[in-house]
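Chemist: What follows is the file my_file.cif, containing mmCIF, C-alpha atoms:
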```
data_entry
#
loop_
_atom_site.group_PDB
_atom_site.id
_atom_site.type_symbol
_atom_site.label_atom_id
_atom_site.label_comp_id
_atom_site.auth_asym_id
_atom_site.auth_seq_id
_atom_site.Cartn_x
_atom_site.Cartn_y
_atom_site.Cartn_z
ATOM 1 C CA MET A 1 -21.160 5.286 -6.061
ATOM 2 C CA SER A 2 -21.199 1.490 -6.079
ATOM 3 C CA LEU A 3 -19.191 -0.384 -8.666
ATOM 4 C CA GLN A 4 -22.405 -1.483 -10.344
ATOM 5 C CA ASP A 5 -23.303 2.195 -10.697
ATOM 6 C CA LYS A 6 -19.875 3.103 -12.005
ATOM 7 C CA TYR A 7 -20.098 0.481 -14.726
ATOM 8 C CA ALA A 8 -23.847 0.712 -15.275
ATOM 9 C CA SER A 9 -23.573 1.733 -18.926
ATOM 10 C CA LEU A 10 -21.215 -1.174 -19.632
ATOM 11 C CA LEU A 11 -23.522 -3.664 -17.900
ATOM 12 C CA ASP A 12 -26.538 -2.308 -19.797
ATOM 13 C CA ALA A 13 -24.652 -2.600 -23.077
ATOM 14 C CA ALA A 14 -23.730 -6.197 -22.282
ATOM 15 C CA LYS A 15 -27.379 -7.037 -21.594
ATOM 16 C CA ASN A 16 -28.577 -5.303 -24.757
ATOM 17 C CA MET A 17 -25.992 -7.102 -26.873
ATOM 18 C CA GLY A 18 -27.271 -10.392 -25.519
ATOM 19 C CA VAL A 19 -24.039 -11.481 -23.839
ATOM 20 C CA ALA A 20 -24.737 -15.090 -22.856
ATOM 21 C CA ASN A 21 -24.374 -16.328 -19.260
ATOM 22 C CA LEU A 22 -23.781 -12.805 -18.088
ATOM 23 C CA SER A 23 -22.647 -12.965 -14.482
ATOM 24 C CA VAL A 24 -22.036 -9.863 -12.374
ATOM 25 C CA ALA A 25 -20.817 -9.921 -8.783
ATOM 26 C CA GLU A 26 -18.903 -7.657 -6.434
ATOM 27 C CA GLN A 27 -16.094 -9.433 -4.661
ATOM 28 C CA GLY A 28 -13.070 -8.185 -2.792
ATOM 29 C CA GLY A 29 -13.475 -4.584 -3.915
ATOM 30 C CA ALA A 30 -13.809 -5.395 -7.600
ATOM 31 C CA LEU A 31 -16.702 -5.942 -9.948
ATOM 32 C CA HIS A 32 -16.448 -9.336 -11.645
ATOM 33 C CA VAL A 33 -18.215 -9.612 -14.980
ATOM 34 C CA SER A 34 -18.152 -12.678 -17.153
ATOM 35 C CA GLY A 35 -20.074 -14.099 -20.067
ATOM 36 C CA THR A 36 -19.843 -14.884 -23.762
ATOM 37 C CA ALA A 37 -20.193 -12.136 -26.349
ATOM 38 C CA ASN A 38 -21.780 -12.959 -29.690
ATOM 39 C CA SER A 39 -19.069 -11.376 -31.777
ATOM 40 C CA THR A 40 -15.633 -9.810 -31.725
ATOM 41 C CA ALA A 41 -17.306 -6.447 -32.432
ATOM 42 C CA ASP A 42 -19.385 -6.746 -29.252
ATOM 43 C CA TYR A 43 -16.322 -7.771 -27.262
ATOM 44 C CA ASP A 44 -14.352 -4.775 -28.562
ATOM 45 C CA ALA A 45 -17.244 -2.429 -27.825
ATOM 46 C CA LEU A 46 -17.371 -3.568 -24.198
ATOM 47 C CA TRP A 47 -13.616 -3.107 -23.764
ATOM 48 C CA ASN A 48 -13.794 0.359 -25.301
ATOM 49 C CA MET A 49 -16.532 1.288 -22.848
ATOM 50 C CA TYR A 50 -14.373 0.011 -19.998
ATOM 51 C CA SER A 51 -11.450 2.187 -21.034
ATOM 52 C CA GLN A 52 -13.764 5.193 -21.309
ATOM 53 C CA ILE A 53 -15.268 4.712 -17.870
ATOM 54 C CA ASP A 54 -11.905 3.981 -16.245
ATOM 55 C CA PRO A 55 -9.115 5.800 -18.090
ATOM 56 C CA ASN A 56 -6.198 3.463 -18.753
ATOM 57 C CA MET A 57 -8.202 0.808 -16.892
ATOM 58 C CA ALA A 58 -5.899 1.539 -13.978
ATOM 59 C CA SER A 59 -8.321 1.350 -11.049
ATOM 60 C CA GLY A 60 -8.231 -2.415 -10.969
ATOM 61 C CA ASP A 61 -11.877 -2.446 -9.896
ATOM 62 C CA LEU A 62 -13.269 -4.325 -12.893
ATOM 63 C CA MET A 63 -12.380 -7.913 -13.721
ATOM 64 C CA MET A 64 -14.019 -8.471 -17.071
ATOM 65 C CA ASN A 65 -13.701 -11.962 -18.441
ATOM 66 C CA ILE A 66 -15.841 -12.005 -21.533
ATOM 67 C CA ASP A 67 -15.021 -14.550 -24.160
ATOM 68 C CA ILE A 68 -16.298 -14.615 -27.717
ATOM 69 C CA LYS A 69 -18.714 -17.191 -28.993
ATOM 70 C CA ALA A 70 -16.958 -19.606 -31.270
ATOM 71 C CA ASN A 71 -17.886 -23.224 -31.657
ATOM 72 C CA ALA A 72 -15.694 -25.954 -33.059
ATOM 73 C CA GLY A 73 -15.526 -25.396 -36.781
ATOM 74 C CA ALA A 74 -15.784 -21.600 -36.516
ATOM 75 C CA SER A 75 -13.546 -19.419 -38.665
ATOM 76 C CA LEU A 76 -10.966 -17.336 -36.845
ATOM 77 C CA LYS A 77 -8.856 -14.504 -38.178
ATOM 78 C CA VAL A 78 -5.221 -14.219 -37.114
ATOM 79 C CA THR A 79 -4.855 -10.778 -35.587
ATOM 80 C CA THR A 80 -1.154 -10.477 -34.829
ATOM 81 C CA ASP A 81 0.242 -7.013 -35.589
ATOM 82 C CA SER A 82 2.109 -8.211 -38.642
ATOM 83 C CA THR A 83 4.060 -11.304 -37.688
ATOM 84 C CA ASN A 84 3.151 -14.960 -38.098
ATOM 85 C CA LEU A 85 1.334 -16.757 -35.305
ATOM 86 C CA ASN A 86 3.134 -19.840 -34.056
ATOM 87 C CA ILE A 87 1.149 -23.053 -33.837
ATOM 88 C CA ARG A 88 2.515 -25.320 -31.162
ATOM 89 C CA SER A 89 2.298 -28.970 -30.187
ATOM 90 C CA VAL A 90 1.127 -28.144 -26.648
ATOM 91 C CA PRO A 91 -0.696 -25.092 -25.212
ATOM 92 C CA SER A 92 2.423 -23.281 -24.007
ATOM 93 C CA THR A 93 5.318 -21.325 -25.451
ATOM 94 C CA GLU A 94 7.433 -24.266 -24.325
ATOM 95 C CA GLY A 95 5.710 -26.318 -27.017
ATOM 96 C CA GLU A 96 7.434 -27.208 -30.258
ATOM 97 C CA ILE A 97 6.335 -25.080 -33.209
ATOM 98 C CA VAL A 98 4.425 -27.324 -35.615
ATOM 99 C CA GLY A 99 3.207 -24.672 -38.020
ATOM 100 C CA LYS A 100 2.537 -21.014 -38.598
ATOM 101 C CA ALA A 101 -0.460 -18.918 -39.551
ATOM 102 C CA ALA A 102 0.120 -15.608 -41.267
ATOM 103 C CA HIS A 103 -1.208 -12.234 -40.165
ATOM 104 C CA ASN A 104 -4.869 -12.005 -41.392
ATOM 105 C CA GLU A 105 -4.998 -15.662 -42.361
ATOM 106 C CA VAL A 106 -8.255 -17.466 -41.585
ATOM 107 C CA VAL A 107 -7.997 -20.665 -39.568
ATOM 108 C CA THR A 108 -10.560 -23.074 -38.126
ATOM 109 C CA LEU A 109 -11.244 -23.523 -34.431
ATOM 110 C CA VAL A 110 -10.872 -27.110 -33.277
ATOM 111 C CA GLU A 111 -11.279 -26.499 -29.543
ATOM 112 C CA LYS A 112 -11.060 -23.666 -27.033
ATOM 113 C CA THR A 113 -8.573 -25.389 -24.754
ATOM 114 C CA ASP A 114 -8.651 -22.621 -22.163
ATOM 115 C CA ASP A 115 -8.961 -18.845 -22.088
ATOM 116 C CA SER A 116 -5.400 -18.326 -23.343
ATOM 117 C CA TRP A 117 -4.787 -21.160 -25.813
ATOM 118 C CA TRP A 118 -6.989 -22.491 -28.588
ATOM 119 C CA LYS A 119 -6.468 -25.542 -30.765
ATOM 120 C CA ILE A 120 -6.739 -24.581 -34.428
ATOM 121 C CA ARG A 121 -6.281 -26.024 -37.890
ATOM 122 C CA THR A 122 -5.003 -24.134 -40.911
ATOM 123 C CA ALA A 123 -6.190 -24.582 -44.484
ATOM 124 C CA ALA A 124 -2.903 -26.359 -45.120
ATOM 125 C CA GLY A 125 -3.837 -28.929 -42.480
ATOM 126 C CA GLU A 126 -1.453 -27.864 -39.714
ATOM 127 C CA GLU A 127 -3.097 -28.440 -36.349
ATOM 128 C CA GLY A 128 -1.978 -27.310 -32.929
ATOM 129 C CA TYR A 129 -2.288 -24.688 -30.221
ATOM 130 C CA ALA A 130 -2.101 -20.943 -30.778
ATOM 131 C CA TYR A 131 -2.374 -18.012 -28.414
ATOM 132 C CA ALA A 132 -6.043 -16.984 -28.242
ATOM 133 C CA GLN A 133 -5.143 -13.305 -27.881
ATOM 134 C CA TYR A 134 -4.356 -13.276 -31.589
ATOM 135 C CA LEU A 135 -7.399 -15.204 -32.819
ATOM 136 C CA SER A 136 -10.618 -13.350 -33.602
ATOM 137 C CA PRO A 137 -13.884 -15.175 -34.238
ATOM 138 C CA MET A 138 -15.233 -13.770 -37.502
ATOM 139 C CA MET B 1 -90.552 15.901 6.514
ATOM 140 C CA ASN B 2 -88.162 16.786 3.729
ATOM 141 C CA TYR B 3 -88.219 13.801 1.419
ATOM 142 C CA LYS B 4 -85.732 15.405 -0.950
ATOM 143 C CA ASN B 5 -82.873 14.651 1.433
ATOM 144 C CA ILE B 6 -83.817 11.075 2.223
ATOM 145 C CA ILE B 7 -82.863 9.550 -1.095
ATOM 146 C CA PRO B 8 -79.264 10.809 -1.123
ATOM 147 C CA ALA B 9 -78.976 9.920 2.580
ATOM 148 C CA LEU B 10 -80.224 6.399 1.877
ATOM 149 C CA MET B 11 -77.842 6.103 -1.041
ATOM 150 C CA ILE B 12 -74.919 7.163 1.105
ATOM 151 C CA THR B 13 -75.911 4.766 3.880
ATOM 152 C CA GLY B 14 -76.332 1.992 1.350
ATOM 153 C CA ALA B 15 -72.940 2.735 -0.120
ATOM 154 C CA ILE B 16 -71.332 2.664 3.290
ATOM 155 C CA ALA B 17 -73.115 -0.589 4.084
ATOM 156 C CA VAL B 18 -71.740 -2.173 0.917
ATOM 157 C CA MET B 19 -68.236 -0.853 1.405
ATOM 158 C CA THR B 20 -67.858 -1.739 5.064
ATOM 159 C CA PRO B 21 -67.159 -5.435 5.639
ATOM 160 C CA SER B 22 -69.169 -7.214 8.255
ATOM 161 C CA CYS B 23 -66.503 -7.126 11.010
ATOM 162 C CA SER B 24 -66.229 -3.527 12.092
ATOM 163 C CA SER B 25 -62.696 -3.763 13.546
ATOM 164 C CA LYS B 26 -60.961 -5.192 10.419
ATOM 165 C CA VAL B 27 -57.534 -3.860 9.486
ATOM 166 C CA PRO B 28 -57.498 -2.625 5.871
ATOM 167 C CA ASP B 29 -55.572 -4.870 3.457
ATOM 168 C CA ALA B 30 -53.229 -2.025 2.585
ATOM 169 C CA THR B 31 -52.197 -1.694 6.216
ATOM 170 C CA VAL B 32 -51.705 -5.451 6.595
ATOM 171 C CA LYS B 33 -49.516 -5.335 3.496
ATOM 172 C CA THR B 34 -47.377 -2.549 4.941
ATOM 173 C CA ASN B 35 -47.003 -4.455 8.209
ATOM 174 C CA ALA B 36 -45.978 -7.651 6.451
ATOM 175 C CA GLU B 37 -43.584 -5.903 4.073
ATOM 176 C CA ALA B 38 -41.778 -4.418 7.044
ATOM 177 C CA VAL B 39 -40.747 -7.830 8.343
ATOM 178 C CA VAL B 40 -40.093 -10.012 5.307
ATOM 179 C CA THR B 41 -36.655 -10.720 3.840
ATOM 180 C CA PRO B 42 -35.630 -8.716 0.758
ATOM 181 C CA GLY B 43 -36.826 -10.234 -2.491
ATOM 182 C CA VAL B 44 -40.185 -11.275 -1.039
ATOM 183 C CA ALA B 45 -43.376 -9.756 -2.497
ATOM 184 C CA VAL B 46 -46.503 -9.355 -0.367
ATOM 185 C CA GLU B 47 -50.141 -9.415 -1.478
ATOM 186 C CA VAL B 48 -53.057 -9.239 0.922
ATOM 187 C CA LYS B 49 -56.705 -10.095 0.367
ATOM 188 C CA ASP B 50 -59.118 -9.983 3.281
ATOM 189 C CA GLY B 51 -56.266 -10.401 5.733
ATOM 190 C CA VAL B 52 -54.795 -13.444 3.980
ATOM 191 C CA VAL B 53 -51.172 -12.673 3.245
ATOM 192 C CA THR B 54 -49.703 -14.323 0.147
ATOM 193 C CA LEU B 55 -45.925 -14.266 -0.069
ATOM 194 C CA SER B 56 -44.177 -14.673 -3.413
ATOM 195 C CA GLY B 57 -40.885 -13.757 -5.031
ATOM 196 C CA ASN B 58 -37.437 -15.296 -4.820
ATOM 197 C CA VAL B 59 -34.986 -15.993 -2.038
ATOM 198 C CA ASN B 60 -31.645 -17.782 -1.971
ATOM 199 C CA ASN B 61 -32.464 -20.694 0.302
ATOM 200 C CA ASP B 62 -35.142 -22.595 2.251
ATOM 201 C CA ALA B 63 -34.209 -20.885 5.516
ATOM 202 C CA ASP B 64 -35.037 -17.451 4.093
ATOM 203 C CA LYS B 65 -38.334 -18.776 2.719
ATOM 204 C CA ALA B 66 -39.310 -20.145 6.121
ATOM 205 C CA SER B 67 -38.197 -17.084 8.050
ATOM 206 C CA ALA B 68 -40.287 -14.751 5.870
ATOM 207 C CA GLU B 69 -43.389 -16.803 6.657
ATOM 208 C CA ALA B 70 -42.514 -16.992 10.346
ATOM 209 C CA ALA B 71 -41.937 -13.262 10.558
ATOM 210 C CA VAL B 72 -45.372 -12.491 9.132
ATOM 211 C CA LYS B 73 -47.088 -15.087 11.321
ATOM 212 C CA ASN B 74 -45.311 -13.599 14.306
ATOM 213 C CA LEU B 75 -46.871 -10.210 13.794
ATOM 214 C CA ASP B 76 -49.151 -8.935 16.510
ATOM 215 C CA LYS B 77 -52.854 -9.651 15.976
ATOM 216 C CA LYS B 78 -53.306 -5.903 15.545
ATOM 217 C CA SER B 79 -51.365 -6.152 12.304
ATOM 218 C CA GLY B 80 -54.390 -7.813 10.781
ATOM 219 C CA VAL B 81 -52.786 -10.974 9.438
ATOM 220 C CA LYS B 82 -55.373 -13.746 9.307
ATOM 221 C CA SER B 83 -53.203 -16.392 7.652
ATOM 222 C CA VAL B 84 -50.169 -16.781 5.414
ATOM 223 C CA VAL B 85 -49.825 -18.502 2.058
ATOM 224 C CA ASN B 86 -46.160 -19.070 1.201
ATOM 225 C CA ASN B 87 -45.502 -19.118 -2.553
ATOM 226 C CA ILE B 88 -41.915 -17.934 -2.296
ATOM 227 C CA ALA B 89 -39.564 -19.648 -4.759
ATOM 228 C CA VAL B 90 -36.091 -20.705 -3.678
ATOM 229 C CA THR B 91 -33.529 -19.934 -6.365
ATOM 230 C CA PRO B 92 -29.930 -20.528 -5.314
ATOM 231 C CA PRO B 93 -27.624 -17.635 -6.178
ATOM 232 C CA PRO B 94 -25.734 -17.829 -9.480
ATOM 233 C CA PRO B 95 -22.293 -19.422 -9.389
ATOM 234 C CA PRO B 96 -19.435 -17.002 -8.835
ATOM 235 C CA PRO B 97 -18.375 -15.372 -12.076
ATOM 236 C CA ALA B 98 -15.712 -17.036 -14.154
ATOM 237 C CA SER B 99 -13.481 -14.015 -13.758
ATOM 238 C CA VAL B 100 -12.640 -14.794 -10.129
ATOM 239 C CA THR B 101 -8.894 -14.468 -9.991
ATOM 240 C CA THR B 102 -6.490 -17.385 -10.065
ATOM 241 C CA THR B 103 -3.514 -17.715 -7.776
ATOM 242 C CA LEU B 104 -0.237 -16.579 -9.242
ATOM 243 C CA ASP B 105 1.320 -19.999 -9.552
ATOM 244 C CA ALA B 106 4.143 -20.703 -11.984
ATOM 245 C CA ALA B 107 1.780 -21.690 -14.793
ATOM 246 C CA THR B 108 -0.241 -18.489 -14.461
ATOM 247 C CA GLN B 109 2.894 -16.367 -14.301
ATOM 248 C CA GLN B 110 4.068 -18.070 -17.487
ATOM 249 C CA LYS B 111 0.740 -17.238 -19.142
ATOM 250 C CA VAL B 112 1.208 -13.571 -18.330
ATOM 251 C CA MET B 113 4.780 -13.542 -19.545
ATOM 252 C CA ASP B 114 3.719 -15.300 -22.763
ATOM 253 C CA GLY B 115 1.047 -12.677 -23.176
ATOM 254 C CA ILE B 116 3.408 -9.721 -23.124
ATOM 255 C CA LYS B 117 6.206 -11.446 -25.015
ATOM 256 C CA ASP B 118 5.328 -9.775 -28.295
ATOM 257 C CA ILE B 119 4.416 -6.386 -26.862
ATOM 258 C CA LYS B 120 7.223 -3.861 -26.845
ATOM 259 C CA GLY B 121 7.926 -1.633 -23.903
ATOM 260 C CA VAL B 122 6.454 -3.608 -21.044
ATOM 261 C CA THR B 123 7.920 -5.830 -18.332
ATOM 262 C CA VAL B 124 6.201 -7.729 -15.568
ATOM 263 C CA THR B 125 7.047 -8.669 -11.999
ATOM 264 C CA PHE B 126 4.864 -10.579 -9.582
ATOM 265 C CA THR B 127 3.855 -9.905 -5.990
ATOM 266 C CA ALA B 128 1.939 -12.441 -3.909
ATOM 267 C CA ASP B 129 -1.358 -11.669 -5.630
ATOM 268 C CA LYS B 130 -0.742 -9.255 -8.498
ATOM 269 C CA ALA B 131 1.081 -8.899 -11.751
ATOM 270 C CA VAL B 132 2.861 -5.550 -11.718
ATOM 271 C CA LEU B 133 3.391 -4.105 -15.173
ATOM 272 C CA THR B 134 5.859 -1.356 -15.861
ATOM 273 C CA GLY B 135 6.983 0.465 -18.946
ATOM 274 C CA GLU B 136 5.545 2.592 -21.717
ATOM 275 C CA VAL B 137 2.988 1.308 -24.151
ATOM 276 C CA SER B 138 0.620 2.609 -26.788
ATOM 277 C CA LYS B 139 -3.118 2.701 -26.053
ATOM 278 C CA ALA B 140 -3.699 -0.241 -28.377
ATOM 279 C CA ASP B 141 -1.058 -2.313 -26.620
ATOM 280 C CA ARG B 142 -2.445 -1.325 -23.226
ATOM 281 C CA MET B 143 -5.838 -2.694 -24.309
ATOM 282 C CA LYS B 144 -4.178 -5.956 -25.416
ATOM 283 C CA ILE B 145 -2.384 -6.263 -22.082
ATOM 284 C CA MET B 146 -5.567 -5.672 -20.067
ATOM 285 C CA GLN B 147 -7.493 -8.180 -22.201
ATOM 286 C CA MET B 148 -4.730 -10.753 -21.789
ATOM 287 C CA LEU B 149 -4.695 -10.260 -18.003
ATOM 288 C CA ALA B 150 -8.479 -10.634 -17.880
ATOM 289 C CA ALA B 151 -8.308 -13.860 -19.889
ATOM 290 C CA ALA B 152 -5.652 -15.167 -17.490
ATOM 291 C CA LYS B 153 -7.838 -14.009 -14.565
ATOM 292 C CA VAL B 154 -4.965 -12.174 -12.972
ATOM 293 C CA LYS B 155 -5.190 -9.147 -10.664
ATOM 294 C CA SER B 156 -2.877 -6.475 -11.874
ATOM 295 C CA ASP B 157 -1.203 -3.215 -10.965
ATOM 296 C CA VAL B 158 -0.754 -0.973 -13.951
ATOM 297 C CA SER B 159 0.011 2.217 -12.042
ATOM 298 C CA GLN B 160 3.537 2.189 -13.443
ATOM 299 C CA LEU B 161 2.471 1.427 -16.985
ATOM 300 C CA MET B 162 2.727 4.748 -18.770
ATOM 301 C CA ASP B 163 1.392 5.954 -22.079
ATOM 302 C CA LYS B 164 3.902 5.976 -24.878
ATOM 303 C CA LYS B 165 4.544 9.595 -25.827
#
```
If you convert what's in this file into structure tokens, what do you get?
Modeler:
Amino acid sequence: MSLQDKYASLLDAAKNMGVANLSVAEQGGALHVSGTANSTADYDALWNMYSQIDPNMASGDLMMNIDIKANAGASLKVTTDSTNLNIRSVPSTEGEIVGKAAHNEVVTLVEKTDDSWWKIRTAAGEEGYAYAQYLSPM
Amino acid sequence: MNYKNIIPALMITGAIAVMTPSCSSKVPDATVKTNAEAVVTPGVAVEVKDGVVTLSGNVNNDADKASAEAAVKNLDKKSGVKSVVNNIAVTPPPPPPASVTTTLDAATQQKVMDGIKDIKGVTVTFTADKAVLTGEVSKADRMKIMQMLAAAKVKSDVSQLMDKK
């Protein structure tokens, strides 16, 4: 079974959801899928499908880099487990902490600096870089 | 003479006369199409009308477009190709997907370590091309780890990452 066959249901779902710039290619023994999902719900649905097709996602045969549509000015929810999210002066944990956003707080996206760090602004006016893993477009 | 049989016979002859084109040794369009389809590059569509082969569809580059036309023109006269119209479009392949993996330089390694900093039960080491994760994590944390690795575009080995009991 080719990798495109293995992940056929995931690829179909991505198309049906309207994932933008959907790109699918087989390279070096892995299926590379990238694109921009319209919502966090769509993103989560695709990841759930991945973990169903490949239990524990252990095969290492899918590289799925889907980001979530969020333009400057979009509202983001802080999705840490319970702790505050540090806002830093530069996009790295080396950066000085210039503010904090609480678990479930809503902040505003200033710029998606890269896939791991986004520049945000809180309602209180603190602006800096936070780890994108913990920011969900609403 | 039995006139009753003449009318159907004339009708059949007439029908044959209409259906048969003027050149009696013409290769049927369907056969020409099969012959052309056998030699064109994948992605090329073939239509044939009265021996004129029209090529359409998409290929990756100009060379493929030209070689499809040449291949059909090269066919033996018996294949029935009278001429070729080349309407093939050249569409370069899409750029490689954004998820192509990055090299595990210091900055990327730092990204991975930052990513698991707040997740309990997991540690990471790095080989030349992979992040190797070990430990015991919940299913929810495993999902977070995999999503973080995908965002960092890092190849990973999670064979030693167990489920938390």
Chemist: Select residues of chain B: the criterion is any atom within 10 Å of an atom of chain A, counting all atoms listed in the file; output as an MDAnalysis selection string.
Modeler: chainID B and resid 94:101 107 110:115 117:119 139 142:163
Chemist: On this structure, which residues satisfy the PyMOL selection byres ((chain A and resi 71) around 9), written as a ChimeraX atom specification?
Modeler: /A:69-70,72-74,109-112
Chemist: Nearest residue to B:Gly80 out of B:Gly135, B:Gly51, B:Gly57, B:Gly43, using all atoms listed in the file?
Modeler: B:Gly51
Chemist: Can you measure atom CA of A:Ala130 to atom CA of B:Thr108 for me? One decimal in Å is fine.
Modeler: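 Interatomic distance here is 16.6 Å.
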Chemist: Anything within 8 Å of (-17.1, -11.1, -31.1): list those residues as an mmCIF file with C-alpha atoms, keeping the file's coordinate frame, counting all atoms listed in the file and sticking to the file's coordinates.
Modeler:
```cif
data_model
loop_
_atom_site.group_PDB
_atom_site.id
_atom_site.type_symbol
_atom_site.label_atom_id
_atom_site.label_comp_id
_atom_site.auth_asym_id
_atom_site.auth_seq_id
_atom_site.Cartn_x
_atom_site.Cartn_y
_atom_site.Cartn_z
ATOM 1 C CA ALA A 37 -20.193 -12.136 -26.349
ATOM 2 C CA ASN A 38 -21.780 -12.959 -29.690
ATOM 3 C CA SER A 39 -19.069 -11.376 -31.777
ATOM 4 C CA THR A 40 -15.633 -9.810 -31.725
ATOM 5 C CA ALA A 41 -17.306 -6.447 -32.432
ATOM 6 C CA ASP A 42 -19.385 -6.746 -29.252
ATOM 7 C CA TYR A 43 -16.322 -7.771 -27.262
ATOM 8 C CA ASP A 44 -14.352 -4.775 -28.562
ATOM 9 C CA ILE A 68 -16.298 -14.615 -27.717
ATOM 10 C CA LYS A 69 -18.714 -17.191 -28.993
ATOM 11 C CA SER A 136 -10.618 -13.350 -33.602
ATOM 12 C CA PRO A 137 -13.884 -15.175 -34.238
ATOM 13 C CA MET A 138 -15.233 -13.770 -37.502
#
```
Chemist: I'd like the residues picked by the PyMOL selection byres ((chain B and resi 58) around 10) written out as a PyMOL selection string, using the chain letters and numbers from the file.
Modeler: chain B and resi 41-45+55-57+59-61+64-65+87-92
Chemist: As a ChimeraX atom specification, please: the residues near B:Asn35 (cut-off 12 Å, all atoms listed in the file, same-chain neighbours under 6 positions excluded).
Modeler: /B:27-29,46-48,51,53,71-81
Chemist: Do a neighbour search on A:Glu126 at 10 Å with all atoms listed in the file, toss out local chain neighbours closer than 5 positions, and write the hits as an MDAnalysis selection string.
Modeler: chainID A and resid 87:88 98:101 107 120:121
Chemist: Compile the contact shell of A:Leu11 as a ChimeraX atom specification: residues with an atom at most 10 Å away, counting only C-alpha atoms, same-chain residues fewer than 2 positions apart removed.
Modeler: /A:4-9,13-17,19,22-24,33,46,49
